[in-house]
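**Q** For reference, the file target-v3.txt (compact mmCIF, C-alpha atoms) is included below:
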# COMPACT_ATOMS: atom_id res chain seq x y z
CA SER Q 16 0.49 -19.67 -8.66
CA VAL Q 17 -2.79 -18.10 -8.91
CA VAL Q 18 -6.31 -19.03 -8.10
CA LYS Q 19 -7.79 -22.44 -7.58
CA GLN Q 20 -10.83 -21.64 -9.63
CA TRP Q 21 -11.41 -19.79 -12.84
CA TYR Q 22 -15.16 -19.49 -12.91
CA GLN Q 23 -17.96 -20.25 -10.53
CA ARG Q 24 -21.05 -21.91 -11.99
CA ARG Q 25 -24.52 -22.85 -10.94
CA VAL Q 26 -24.92 -26.25 -9.30
CA ARG Q 27 -26.80 -28.66 -11.49
CA GLY Q 28 -30.03 -30.11 -10.22
CA GLY Q 29 -31.83 -26.86 -9.41
CA GLY Q 30 -29.37 -25.49 -6.82
CA SER Q 31 -29.11 -21.77 -6.17
CA SER Q 32 -25.45 -21.41 -5.21
CA LEU Q 33 -22.26 -20.74 -7.15
CA GLN Q 34 -19.66 -23.50 -7.17
CA HIS Q 35 -16.04 -23.54 -8.36
CA VAL Q 36 -14.89 -25.30 -11.52
CA ALA Q 37 -11.74 -27.42 -11.99
CA PRO Q 38 -8.43 -25.47 -12.05
CA GLN Q 39 -7.27 -24.24 -15.43
CA HIS Q 40 -4.34 -22.31 -16.88
CA SER Q 41 -4.25 -18.53 -17.33
CA LEU Q 42 -2.29 -16.05 -19.41
CA PRO Q 43 -1.76 -12.71 -17.56
CA THR Q 44 -0.66 -9.78 -19.71
CA VAL Q 45 0.49 -6.28 -18.67
CA ARG Q 46 0.06 -3.42 -21.15
CA LEU Q 47 1.01 0.27 -21.03
CA GLN Q 48 -1.23 3.07 -22.30
CA GLU Q 49 -1.07 6.86 -22.04
CA CYS Q 50 -4.81 7.45 -22.36
CA GLY Q 51 -7.59 6.32 -20.06
CA GLY Q 52 -11.04 5.01 -20.87
CA GLY Q 53 -10.24 1.29 -20.90
CA VAL Q 54 -7.62 -0.79 -22.62
CA GLN Q 55 -7.08 -0.20 -26.33
CA LEU Q 56 -4.79 -2.83 -27.81
CA GLN Q 57 -3.88 -0.73 -30.83
CA HIS Q 58 -2.81 2.19 -28.63
CA SER Q 59 -1.08 0.24 -25.87
CA THR Q 60 2.37 -1.30 -25.49
CA LEU Q 61 2.97 -4.84 -24.27
CA LEU Q 62 5.25 -4.84 -21.22
CA ALA Q 63 5.09 -8.41 -19.93
CA GLN Q 64 3.29 -11.66 -20.50
CA PHE Q 65 3.29 -14.57 -18.07
CA GLY Q 66 2.34 -17.75 -19.86
CA ASP Q 67 1.16 -21.16 -18.70
CA LEU Q 68 0.39 -20.29 -15.09
CA LYS Q 69 -1.48 -23.05 -13.34
CA MET Q 70 -4.12 -21.87 -10.92
CA GLY Q 71 -3.76 -23.04 -7.37
CA GLU Q 72 -0.02 -23.67 -7.77
CA TRP Q 73 1.75 -22.00 -4.82
CA TYR Q 74 5.17 -23.48 -5.62
CA ASP Q 75 5.72 -21.95 -9.04
CA GLY Q 76 8.72 -19.82 -10.02
CA GLU Q 77 12.47 -20.18 -9.58
CA GLU Q 78 12.29 -19.94 -5.78
CA LYS Q 79 9.24 -22.22 -5.56
CA ASN Q 80 7.25 -19.55 -3.73
CA GLY Q 81 4.57 -19.02 -6.35
CA GLN Q 82 6.11 -15.81 -7.71
CA ARG Q 83 7.32 -14.79 -11.13
CA SER Q 84 9.04 -11.49 -11.86
CA PHE Q 85 9.93 -9.57 -14.97
CA THR Q 86 11.58 -6.16 -15.41
CA ALA Q 87 10.33 -4.12 -18.35
CA SER Q 88 11.97 -0.99 -19.74
CA PHE Q 89 10.58 1.60 -22.13
CA SER Q 90 11.44 5.09 -23.36
CA ALA Q 91 9.74 8.00 -21.64
CA SER Q 92 7.65 10.05 -24.06
CA SER Q 93 7.60 13.83 -24.05
CA GLU Q 94 4.06 13.74 -22.63
CA LEU Q 95 5.17 11.53 -19.75
CA GLN Q 96 8.09 13.85 -19.02
CA SER Q 97 5.67 16.79 -18.88
CA ASN Q 98 3.36 15.56 -16.11
CA GLY Q 99 1.53 13.18 -18.43
CA SER Q 100 -0.55 10.22 -17.31
CA MET Q 101 0.32 6.55 -17.80
CA TYR Q 102 -2.14 3.72 -17.28
CA LEU Q 103 -1.39 0.07 -16.66
CA HIS Q 104 -3.86 -2.49 -17.96
CA ILE Q 105 -3.61 -6.06 -16.68
CA LEU Q 106 -5.48 -8.71 -18.62
CA ALA Q 107 -5.81 -12.34 -17.56
CA ALA Q 108 -7.37 -14.85 -19.93
CA LYS Q 109 -7.94 -18.55 -19.97
CA SER Q 110 -5.36 -20.51 -21.91
CA GLY Q 111 -6.13 -20.26 -25.61
CA ALA Q 112 -8.67 -17.43 -25.20
CA GLN Q 113 -8.56 -14.27 -27.30
CA ILE Q 114 -8.02 -10.91 -25.58
CA ASN Q 115 -8.67 -8.81 -28.66
CA PRO Q 116 -12.33 -7.65 -28.64
CA ASP Q 117 -12.27 -7.39 -32.45
CA HIS Q 118 -11.41 -11.06 -32.89
CA PRO Q 119 -14.37 -13.24 -33.95
CA GLN Q 120 -13.59 -15.82 -31.24
CA TYR Q 121 -13.39 -13.24 -28.45
CA ASN Q 122 -15.53 -14.02 -25.39
CA LYS Q 123 -15.70 -11.44 -22.61
CA ARG Q 124 -16.33 -14.19 -20.06
CA ASP Q 125 -12.84 -15.56 -20.74
CA VAL Q 126 -10.98 -12.34 -19.93
CA VAL Q 127 -10.48 -10.37 -16.70
CA THR Q 128 -9.24 -6.78 -16.99
CA VAL Q 129 -7.99 -4.38 -14.30
CA SER Q 130 -6.73 -0.86 -15.02
CA LYS Q 131 -4.84 1.57 -12.82
CA LEU Q 132 -3.34 5.03 -13.24
CA TRP Q 133 0.30 4.35 -12.42
CA THR Q 134 1.72 7.86 -12.47
CA ARG Q 135 1.30 9.51 -9.07
CA PHE Q 136 0.70 13.24 -8.76
CA LYS Q 137 2.09 14.70 -5.55
CA LYS Q 138 3.30 18.02 -4.29
CA ARG Q 139 7.04 18.38 -4.54
CA LYS Q 140 8.78 18.80 -1.21
CA VAL Q 141 12.01 20.68 -1.79
CA GLU Q 142 14.68 20.49 0.90
CA THR Q 143 16.47 23.72 1.66
CA THR Q 144 19.83 24.49 3.21
CA THR Q 145 20.59 27.59 5.27
CA ASN Q 146 23.98 29.20 5.64
CA LEU Q 147 24.38 29.88 9.36
CA LEU Q 148 26.88 32.68 8.73
CA THR Q 149 25.00 34.66 6.09
CA GLY Q 150 21.46 33.39 6.73
CA GLU Q 151 21.03 32.68 3.01
CA THR Q 152 18.56 29.89 2.13
CA LYS Q 153 19.07 27.77 -0.98
CA ASN Q 154 17.10 24.91 -2.52
CA LYS Q 155 18.94 21.63 -3.05
CA ILE Q 156 17.19 21.33 -6.44
CA GLU Q 157 17.79 24.45 -8.51
CA GLY Q 158 14.67 25.93 -10.10
CA ALA Q 159 12.31 23.70 -8.12
CA GLU Q 160 9.38 25.19 -6.22
CA ASP Q 161 8.08 23.76 -2.97
CA GLY Q 162 4.44 22.63 -3.27
CA GLU Q 163 4.54 22.26 -7.06
CA VAL Q 164 2.42 19.31 -8.26
CA ILE Q 165 4.46 16.95 -10.44
CA SER Q 166 4.16 13.34 -11.61
CA TYR Q 167 6.07 10.48 -9.99
CA TRP Q 168 6.78 6.91 -11.04
CA HIS Q 169 6.98 3.81 -8.88
CA PRO Q 170 9.30 1.10 -10.25
CA ASN Q 171 7.48 -1.93 -8.78
CA ILE Q 172 4.06 -3.48 -9.19
CA THR Q 173 2.63 -6.72 -7.77
CA ILE Q 174 -0.23 -8.48 -9.53
CA SER Q 175 -2.18 -11.16 -7.70
CA MET Q 176 -5.18 -13.35 -8.25
CA LEU Q 177 -7.20 -14.39 -5.25
CA ASP Q 178 -6.84 -18.04 -4.27
CA ASP Q 179 -10.34 -18.82 -3.04
CA GLN Q 180 -12.67 -21.84 -3.08
CA ARG Q 181 -15.55 -19.84 -1.68
CA VAL Q 182 -19.13 -20.71 -2.72
CA TRP Q 183 -21.39 -17.66 -2.84
CA PRO Q 184 -25.16 -18.18 -2.34
CA ALA Q 185 -27.02 -16.76 -5.33
CA GLY Q 186 -29.46 -13.94 -4.60
CA GLN Q 187 -27.78 -12.88 -1.34
CA GLN Q 188 -25.71 -9.77 -0.75
CA ILE Q 189 -21.97 -10.35 -0.95
CA PRO Q 190 -20.20 -9.00 2.16
CA PRO Q 191 -17.39 -6.45 1.93
CA PRO Q 192 -14.69 -6.29 0.76
CA PHE Q 193 -15.69 -8.92 -1.82
CA ASP Q 194 -18.74 -6.94 -2.96
CA LYS Q 195 -16.50 -4.50 -4.85
CA TRP Q 196 -14.62 -7.26 -6.63
CA VAL Q 197 -17.08 -10.07 -7.35
CA ASP Q 198 -19.02 -9.35 -10.55
CA ILE Q 199 -21.66 -12.03 -11.09
CA ASP Q 200 -22.92 -12.76 -14.58
CA LEU Q 201 -26.59 -13.48 -13.91
CA GLU Q 202 -27.14 -15.03 -17.34
CA VAL Q 203 -24.85 -17.97 -16.71
CA MET Q 204 -24.55 -17.62 -12.90
CA GLN Q 205 -20.77 -17.24 -13.09
CA TYR Q 206 -18.24 -14.76 -11.77
CA LYS Q 207 -14.72 -14.12 -12.82
CA PRO Q 208 -11.76 -14.52 -10.45
CA ILE Q 209 -10.46 -11.47 -8.60
CA LEU Q 210 -7.44 -9.91 -10.31
CA TYR Q 211 -5.81 -7.70 -7.68
CA ILE Q 212 -3.13 -5.01 -7.88
CA ASN Q 213 -1.38 -5.18 -4.52
CA ASP Q 214 0.21 -1.79 -3.84
CA TYR Q 215 0.30 -1.99 -0.04
CA TRP Q 216 4.06 -2.60 0.17
CA GLU Q 217 4.98 0.11 -2.32
CA LEU Q 218 7.05 2.64 -0.39
CA THR Q 219 6.68 6.34 -1.05
CA SER Q 220 10.45 6.70 -0.77
CA ASP Q 221 10.81 4.61 -3.97
CA LEU Q 222 8.91 7.18 -6.03
CA TYR Q 223 11.00 9.35 -8.33
CA PRO Q 224 9.88 12.43 -10.30
CA LEU Q 225 9.35 12.27 -14.04
CA ASN Q 226 10.96 15.11 -15.99
CA ASP Q 227 13.00 15.74 -19.12
CA THR Q 228 16.07 14.14 -17.53
CA ILE Q 229 14.35 10.74 -17.38
CA LYS Q 230 14.91 9.05 -20.74
CA GLN Q 231 14.24 5.44 -19.74
CA VAL Q 232 11.63 4.13 -17.32
CA ASN Q 233 11.81 0.71 -15.64
CA LEU Q 234 9.03 -1.33 -14.09
CA THR Q 235 9.50 -4.60 -12.18
CA ILE Q 236 6.32 -6.68 -12.49
CA THR Q 237 5.76 -9.44 -9.94
CA TYR Q 238 3.01 -12.01 -10.36
CA ALA Q 239 2.04 -13.94 -7.23
CA PRO Q 240 -0.99 -15.59 -5.60
CA ILE Q 241 -2.78 -14.05 -2.65
CA SER Q 242 -4.83 -15.75 0.05
CA VAL Q 243 -8.21 -14.61 1.31
CA PHE Q 244 -6.69 -13.64 4.68
CA TYR Q 245 -4.15 -11.19 3.24
CA PHE Q 246 -6.64 -9.88 0.70
CA GLN Q 247 -9.01 -8.91 3.51
CA ILE Q 248 -6.20 -7.28 5.50
CA TYR Q 249 -5.10 -5.11 2.57
CA GLU Q 250 -8.64 -4.11 1.73
CA ALA Q 251 -9.36 -3.32 5.40
CA GLN Q 252 -6.44 -0.88 5.39
CA LYS Q 253 -7.88 0.90 2.35
CA MET Q 254 -11.33 1.05 3.93
CA GLN Q 255 -9.84 2.50 7.11
CA LYS Q 256 -8.23 5.31 5.12
CA GLN Q 257 -11.54 6.06 3.43
CA TRP Q 258 -13.38 6.20 6.76
CA ASN Q 259 -10.70 8.42 8.30
CA SER Q 260 -11.00 10.78 5.35
CA MET Q 261 -14.80 10.91 5.66
CA LEU Q 262 -14.69 11.48 9.43
CA GLY Q 263 -11.87 14.01 9.26
CA VAL Q 264 -9.53 11.88 11.37
CA ALA Q 265 -5.87 12.81 11.02
CA GLU Q 266 -3.84 10.13 9.26
CA ALA Q 267 -0.19 9.24 9.48
CA SER Q 268 2.04 10.83 6.86
CA ASP Q 269 3.54 8.87 3.99
CA GLU Q 270 6.93 9.00 5.70
CA GLU Q 271 5.49 7.49 8.88
CA ASN Q 272 3.75 4.74 6.91
CA ASP Q 273 7.04 4.00 5.14
CA ILE Q 274 8.81 3.62 8.48
CA VAL Q 275 6.24 1.06 9.66
CA LYS Q 276 6.31 -0.89 6.39
CA ARG Q 277 10.10 -0.87 6.16
CA THR Q 278 10.32 -2.08 9.76
CA MET Q 279 8.00 -4.98 9.00
CA LEU Q 280 9.89 -5.84 5.80
CA GLU Q 281 13.45 -5.62 7.11
CA THR Q 282 13.16 -6.68 10.77
CA ASN Q 283 13.28 -10.24 12.00
CA PRO Q 284 9.74 -11.22 13.13
CA TYR Q 285 10.96 -12.42 16.54
CA ILE Q 286 12.88 -9.20 17.17
CA LEU Q 287 9.85 -7.21 16.04
CA ALA Q 288 7.57 -9.12 18.45
CA VAL Q 289 9.98 -8.55 21.36
CA THR Q 290 10.16 -4.83 20.50
CA VAL Q 291 6.37 -4.52 20.52
CA VAL Q 292 6.08 -6.28 23.89
CA VAL Q 293 8.83 -4.13 25.46
CA SER Q 294 7.23 -0.95 24.08
CA LEU Q 295 3.85 -1.89 25.56
CA VAL Q 296 5.39 -2.65 28.97
CA HIS Q 297 7.31 0.63 28.85
CA THR Q 298 4.08 2.52 28.09
CA VAL Q 299 2.34 0.89 31.07
CA PHE Q 300 5.21 1.86 33.37
CA GLU Q 301 5.07 5.47 32.11
CA PHE Q 302 1.37 5.71 32.96
CA LEU Q 303 2.01 4.26 36.41
CA ALA Q 304 4.83 6.73 36.99
CA PHE Q 305 2.60 9.59 35.87
CA LYS Q 306 -0.05 8.46 38.34
CA ASN Q 307 2.53 8.43 41.16
CA ASP Q 308 3.66 11.95 40.19
CA ILE Q 309 0.12 13.24 40.49
CA GLN Q 310 -0.28 11.60 43.90
CA PHE Q 311 3.07 13.01 45.05
CA TRP Q 312 2.31 16.63 44.14
CA LYS Q 313 -1.26 16.36 45.37
CA SER Q 314 -0.11 15.23 48.80
CA ARG Q 315 2.53 17.97 49.13
CA LYS Q 316 1.57 20.77 51.51
CA SER Q 317 4.75 22.80 50.96
CA LEU Q 318 7.94 22.84 48.88
CA GLU Q 319 10.11 22.07 51.86
CA GLY Q 320 13.02 19.83 50.90
CA LEU Q 321 12.68 20.57 47.17
CA SER Q 322 15.03 22.72 45.10
CA ILE Q 323 13.07 25.40 43.25
CA ARG Q 324 16.11 26.14 41.07
CA SER Q 325 16.43 22.54 39.88
CA ILE Q 326 12.67 22.31 39.17
CA VAL Q 327 12.67 25.54 37.11
CA PHE Q 328 15.80 24.44 35.21
CA SER Q 329 14.27 21.02 34.47
CA ILE Q 330 11.08 22.64 33.18
CA PHE Q 331 13.14 24.96 30.96
CA THR Q 332 15.14 22.11 29.41
CA GLN Q 333 11.98 20.06 28.84
CA VAL Q 334 10.32 22.99 27.05
CA ILE Q 335 13.35 23.26 24.75
CA VAL Q 336 13.11 19.54 23.92
CA VAL Q 337 9.36 19.76 23.25
CA LEU Q 338 9.77 22.77 20.93
CA TYR Q 339 12.58 21.02 19.07
CA VAL Q 340 10.48 17.89 18.55
CA LEU Q 341 7.45 19.87 17.31
CA ASP Q 342 9.59 21.98 14.97
CA ASN Q 343 11.13 18.95 13.26
CA ASP Q 344 7.86 17.11 12.50
CA THR Q 345 8.87 14.08 14.51
CA ASN Q 346 6.93 10.81 14.46
CA THR Q 347 3.60 11.12 16.31
CA MET Q 348 4.36 8.38 18.82
CA VAL Q 349 7.74 9.94 19.65
CA ALA Q 350 6.14 13.37 20.05
CA ILE Q 351 3.52 11.97 22.47
CA SER Q 352 6.25 10.29 24.49
CA VAL Q 353 8.29 13.50 24.69
CA LEU Q 354 5.29 15.62 25.57
CA TYR Q 355 4.83 13.46 28.65
CA TRP Q 356 5.91 15.81 31.45
CA PRO Q 357 9.08 14.76 33.35
CA ARG Q 358 9.03 13.44 36.88
CA TYR Q 359 10.79 15.45 39.57
Would it be possible to restate this file's structure as C-alpha cells?

**A**
Amino acid sequence: SVVKQWYQRRVRGGGSSLQHVAPQHSLPTVRLQECGGGVQLQHSTLLAQFGDLKMGEWYDGEEKNGQRSFTASFSASSELQSNGSMYLHILAAKSGAQINPDHPQYNKRDVVTVSKLWTRFKKRKVETTTNLLTGETKNKIEGAEDGEVISYWHPNITISMLDDQRVWPAGQQIPPPFDKWVDIDLEVMQYKPILYINDYWELTSDLYPLNDTIKQVNLTITYAPISVFYFQIYEAQKMQKQWNSMLGVAEASDEENDIVKRTMLETNPYILAVTVVVSLVHTVFEFLAFKNDIQFWKSRKSLEGLSIRSIVFSIFTQVIVVLYVLDNDTNTMVAISVLYWPRY
C-alpha cells in the first residue's frame, strides 16, 4: 500500500518531461538513533521492517485498508531519561537494494531516507490544588516546577508514501508543497518517491514525560499510503502555522487543536455535519438578535416601562460569567460567544 511509482524517468525520444515507471516492491525500515547528523547504521537500532510492500496496493494489511502496524519496545537509556534526544530514521529501498552505504552494491538512487527528532521538548504545565480552608497551594507532582522544559515521547507514528502518477515537466518550477519534497536527479532525470511522516493526527494529550521512572518505551509504527489530496491538506496546515508565526497571528493552543482533532476522529461524520450546520445557523441568529438590540435601544427615548433593577442585576451576573470564562482559559469560540452582550 504505497506509491504507484518508484522512480520517474525521462521520456525516450527526446521528450523533456518526467514519466512514472512500472510499480515495484519496497522495503521500509525504521531505525532509532540518539545522535543527529543523518542515519548511522552502526549506531542505530532497528525497530521495525515492513517487507514485500507492493506499491499502489491500497488493500494490503489484515483489514484490507492498505495499513500495516507494528509495536516496538526498547529500554530507555540514561541519556533519554535526562532530557536526551532521540531521532527516528525511516529508510525505504527497492526490493533487493542495499541500504548500507558501505556495501559495494549500494546505490543512493535506490534508497529514500527521512529523519525526524521524535522527542518533543515542551514546558511542563504543573496542575496545582488549593485548600479552601487554609489557602495552601500544592503541586500534584511533587518536586516539579511549572514552566520547566522537559522531553516528551509520543507513542505513535504514521509513515506514508505518496500515491501519485503525476508527470512533472522538466525545467519548470515545481509548485508548493511538492517543491520541498521532490528532489530531481538531473543526471538521470529521475526523482525518488515522497516518503512522508504524517504527524497531523498525533494528539498532544498522548505525550508523556521521559524521566528516570520510565524504563521501557513503546512506539506503534503504522505504514499506510497517502493520496495527493490528503498530502496537500496536511502540508497546507503546516504552511498556515508558519505564516501565522511570521505574521504574529495568534494560534489556537495545543489543547484546542486536540479538541478539534478528537472530535473529527471520534464523532460520526453525519452528526458532525449536522452540528456544524446548526452552529452556523445559531451564529446567524445571534447576529440578527444583536442587530435588533441595537435598533431597540437606539429608538428608545426614555426608560419608561423598563426595570432599572433587573437591568443592573443582569449586567452584574453577565460580568461574573465573563470574568469566570476569561479566568479559566476557555476555548476561544466559547469565550467569544459568552462575551456577546445579553439581550434585555

**Q** Which one of Q:Glu217, Q:Val289, Q:Tyr223, Q:Phe305 sits closest to Arg277 of chain Q if you count only C-alpha atoms?

**A**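 Of Q:Glu217, Q:Val289, Q:Tyr223, Q:Phe305, the one nearest Arg277 of chain Q, counting only C-alpha atoms, is Q:Glu217.
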
**Q** Which of these residues is nearest to Lys69 of chain Q, using only C-alpha atoms: Q:Asn213, Q:Thr228, Q:Gln257, Q:Ser110?

**A** Q:Ser110

**Q** Quick one: pull the distance between atom CA of Arg139 of chain Q and atom CA of Val164 of chain Q, Å, one decimal.

**A**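 According to the coordinates, atom CA of Arg139 of chain Q and atom CA of Val164 of chain Q are separated by 6.0 Å.
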
**Q** Just checking: using all atoms listed in the file, which residue out of Q:Ala185, Q:Leu262, Q:Ala239, Q:Ala112 ends up closest to Gln205 of chain Q?

**A**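 Looking only at the distances to Gln205 of chain Q, the closest residue turns out to be Q:Ala185.
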
**Q** So what do you get for atom CA of Pro192 of chain Q versus atom CA of Ser100 of chain Q, distance-wise?

**A**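 It comes out at 28.3 Å.
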
**Q** Can you measure atom CA of Ala108 of chain Q to atom CA of Met254 of chain Q for me? One decimal in Å is fine.

**A**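 Atom CA of Met254 of chain Q lies 28.9 Å from atom CA of Ala108 of chain Q.
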
**Q** Please, what is the axis-aligned box for every listed atom of segment 122-137 of chain Q with 5 Å on each side, as centre and edge lengths in Å to one decimal, as AutoDock Vina command-line options?

**A**
--center_x -7.1 --center_y -0.4 --center_z -15.5 --size_x 28.4 --size_y 40.3 --size_z 29.8

**Q** Choose the residue, out of Q:Asp342, Q:Leu210, Q:Val203, Q:Tyr167, that has the smallest atom-to-atom separation from Ser130 of chain Q; count all atoms listed in the file.

**A**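 Of all the options, Q:Leu210 lies closest to Ser130 of chain Q.
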
**Q** Would you list the residues near (2.9, -18.8, -8.0), meaning any protein, DNA or RNA residue with an atom at most 8 Å from that point in file coordinates, counting only C-alpha atoms, as a PyMOL selection string?

**A** chain Q and resi 16-17+68+71-76+79-83+238-240

**Q** Using only C-alpha atoms, which residue out of Q:Ser314, Q:Asn283, Q:Arg124, Q:Thr44 lies closest to Thr237 of chain Q?

**A**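 Closest candidate: Q:Thr44.
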
**Q** Please build the interface table for segment 189-234 of chain Q against segment 172-184 of chain Q with a cut-off of 12 Å, listing for each qualifying residue the nearest atom pair and the distance in Å to one decimal; count only C-alpha atoms, order rows by chain and increasing number, and write it as CSV.

**A**
residue,atom,partner,partner_atom,distance
Q:Ile189,CA,Q:Trp183,CA,7.6
Q:Pro190,CA,Q:Trp183,CA,10.1
Q:Phe193,CA,Q:Trp183,CA,10.5
Q:Asp194,CA,Q:Trp183,CA,11.0
Q:Trp196,CA,Q:Leu177,CA,10.4
Q:Val197,CA,Q:Trp183,CA,9.8
Q:Asp198,CA,Q:Trp183,CA,11.6
Q:Ile199,CA,Q:Trp183,CA,10.0
Q:Met204,CA,Q:Trp183,CA,10.5
Q:Gln205,CA,Q:Trp183,CA,10.3
Q:Tyr206,CA,Q:Trp183,CA,9.9
Q:Lys207,CA,Q:Met176,CA,10.6
Q:Pro208,CA,Q:Leu177,CA,6.9
Q:Ile209,CA,Q:Leu177,CA,5.5
Q:Leu210,CA,Q:Met176,CA,4.6
Q:Tyr211,CA,Q:Ser175,CA,5.0
Q:Ile212,CA,Q:Ile174,CA,4.8
Q:Asn213,CA,Q:Thr173,CA,5.4
Q:Asp214,CA,Q:Thr173,CA,6.8
Q:Tyr215,CA,Q:Thr173,CA,9.4
Q:Trp216,CA,Q:Thr173,CA,9.1
Q:Glu217,CA,Q:Ile172,CA,7.8
Q:Leu218,CA,Q:Ile172,CA,11.1
Q:Asp221,CA,Q:Ile172,CA,11.8
Q:Asn233,CA,Q:Ile172,CA,10.9
Q:Leu234,CA,Q:Ile172,CA,7.3
